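Below: the structure, in structure tokens.
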2 protein chains.
Amino acid sequence: MSSGAEMIFTGDELLRGDAINTNQAFLGEKLIDLGIFAARALCIADDQAAIASAIRESLAREPLVLILSGGLGPTDDDLTREAVAEALGVPLELHRDLLEEIREKFASRGYIMGDSNRKQAFLPRGAAAIPIAGTAPGLSIQYGRTLIAALPGVPWEMEEMWTGTVEPLVRALADSVNGRSHVVRRIRTFGIGESSVADLLTEFEWRGSLVEIGTRAKLDGLWVILRGMDSPEGLSALEATQARIIELLGDKVLGVDCEGLPELVGDLIRNAGMTLAVAESCTGGLLGKRVTDVPGSSDYFLGGVISYSNAVKTKVLGVPEETLAAHGAVSPEVAKAMASGVAAFLGSDCALSITGVAGPGGGTEEKPIGLVYVGSVLGEAVEVERLWLWGRRDQVRERAALSALDILRRRLLPRGRDR
Amino acid sequence: MSSGAEMIFTGDELLRGDAINTNQAFLGEKLIDLGIFAARALCIADDQAAIASAIRESLAREPLVLILSGGLGPTDDDLTREAVAEALGVPLELHRDLLEEIREKFASRGYIMGDSNRKQAFLPRGAAAIPIAGTAPGLSIQYGRTLIAALPGVPWEMEEMWTGTVEPLVRALADSVNGRSHVVRRIRTFGIGESSVADLLTEFEWRGSLVEIGTRAKLDGLWVILRGMDSPEGLSALEATQARIIELLGDKVLGVDCEGLPELVGDLIRNAGMTLAVAESCTGGLLGKRVTDVPGSSDYFLGGVISYSNAVKTKVLGVPEETLAAHGAVSPEVAKAMASGVAAFLGSDCALSITGVAGPGGGTEEKPIGLVYVGSVLGEAVEVERLWLWGRRDQVRERAALSALDILRRRLLPRGRDR
């Protein structure tokens, strides 16, 4: 781990709670993947003197990287360019080529560049422009030991600029400080917790340090992060470690550096030439929403039935009233009937159903909050799994939808495949 | 606006991007509502010396309030108590009553308190405990001009502690600094932008300063925030301003200090003794999800059909194939047929349908990305509205679901009501 990064976010909207600072999490994760821990992130009001002073204080701590985000727009409270110049004691200089580029960006969308945008073509002396993602150019400048990069605040513009320009610069810097390049592999898993992974991976504890192993827990799964040296022996250790971890974690592994469950399950269904339908009770449509988060999901997703009331379960999905009466709506029998019912009704090859107690009301000793049954249909075979999910209503529902997708994923995996 | 607040968040998970700092937005908004702008928010690693030094630097700027969040748990990297004591140069002292309270919290859930939790009963000398929400007590302490409050990092625990204990303290402090109490009213609106609201409210620009008017734009609507003095003439000006703004904004107003669209629409349907069903195409289940975000929505929500494919639109919802062929799936005719179809199929009094182009693919010159039709059924009457929604796929879908709820809300409002 080389020495750290710092981040400074500007924007009153972040301090007033009008927007949530998602950029910090994005950048923090990207930096960690490069082996750089961001030890401080400051969010500060749109005030030039305060921003300049925050930059100077950060530079005095000599981080490897200082990322600024926000304040690159054309308005009077966009002050990052001015603050960087003030902090470094250099003037702002007009870059005519940049002015032309901004003008062309506007022209290409059929707009005429306003006078206020002219200030976006000024950079502190010594700075390089970072190519425009939206309408605002970014800037980077080396100051002593520290690479300063200023990015926009709009998340997608920031992300494009990070990926396109800043990440390679920071990677090179990290490698040169470490004296070697690193390679990162991210093994994505679902349905296994951090402590279980730690238990399974104890054999790596005393193996020396050719490959660093870390974990990252997120709502949509746990990542096992491997970092190895970019050398023949480093890469070979990395490959061996990756293969062994995938073997140990078995079908909990979604893949390496891969997309999430909705995309993966979608690919498996599409590749099998099949179709999907869903029947949802406690998730109320969230599973369908997750499936259709993926552009192009209409290739395999036919649709579904939100059977929130028992009448819809019986009338539309054909769940027998006796089954509901005997076992209750939250039961393995009803989950299976819902899944078979929606597959038959919509004529799909695969189907998923969810019925459970999401809370905050409705929990009993026998059927507590967090009890969820997932039914799944694949061809002729109907199965059901019982889940105990923790958390509040929204967490139980989110976990239920993802778990359902994971159940279908595991059923769709080629049997006995070599992993 | 009285002088400002600062916030310090601790937790490596926030800096590594494993979690998004939603607490900052929550607290920033609550502080603004009290008339206090949080000019700085620092997120810092779990390092006692660094946290203590950040606290000292903040105290040197003499903010009215310094809110800390995180680091109150029982583990070795929970260091907020220690850092506050170090920053203030006071010892930590055991509070036996607090120890007992923590022990009882564990006992009440059938657990035995671990040894590590003992440290949570220590507070810096002079500090008062803030009652426990989860398992960690918070603390507050006055230092010179600054009220320091340390809250947990877990959002719901932090929110409970803020609302239960800290907010009243901060409100009293703000009032004493201002020399008077303020009253805040939040008028919630939907379907109108910041600039249109500004245009409608120009008449208030030259009216003197008895009532401050601000706006807050969020994805789920725009708030108009009024702040007045807690005095007879202040309250009367506040009432008059509020009434006039509600008159100007008409049915764009959801209410004052009220809940969101899913709750409001749910209450309207429940109070009318009616039921709801939904038919979703491009939102893929998100509308049903939003409706069922509300606990108790099973009182009025029967369920719905996710008619992602055209086959489901015709077979299940009874949309005539000729209508689909003549007008395409994204058309007012199909939206109406979907809404009538699901109401008839599930036997509901109200129904909503959504069909549109969410992107990123599928847009044409005639039917571009962001074109959405919402059908609505109320009793016998079917209506359709065309929406042009901007943003990326997830934003178009989110706005479509909320807009659909708003359309039904407006239809359910008592006719000619006095607003």
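Convention: chains lettered A, B, ... in structure tokens order; per-chain residue numbering from 1; ligands numbered from 1 as shown.
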
*asked:* Using DSSP secondary structure from the backbone, list all strand (DSSP E) positions within range 60-118 of chain A, as a ChimeraX atom specification.
replied: /A:65-69,92-94

Output as a PyMOL selection string the set of chain A residues within 6 Å of chain B, with distances taken over only C-alpha atoms.
chain A and resi 15-17+20+25-26+28-29+38-45+284-286+288-289+292+302-309

Task: Those in range 223-315 of chain A with alpha helix (DSSP H) from DSSP, as a VMD selection string - done: chain A and resid 232 to 249 261 to 271 286 to 292 310 to 315

Practice problem: Find the residues around Arg411 in chain B up to 9 Å (only C-alpha atoms counted), leave out those fewer than 5 positions away in its own chain, and share them as a ChimeraX atom specification. | Solution: /B:376,378,406

*If you measure from CA of Leu248 in chain A to CA of Leu200 in chain A, what distance in Å do you get, rounded to one decimal?*
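Result for CA of Leu248 in chain A versus CA of Leu200 in chain A: 6.8 Å, one decimal.
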
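The space between CA of Thr80 in chain A and CA of Arg103 in chain A spans 20.7 Å.
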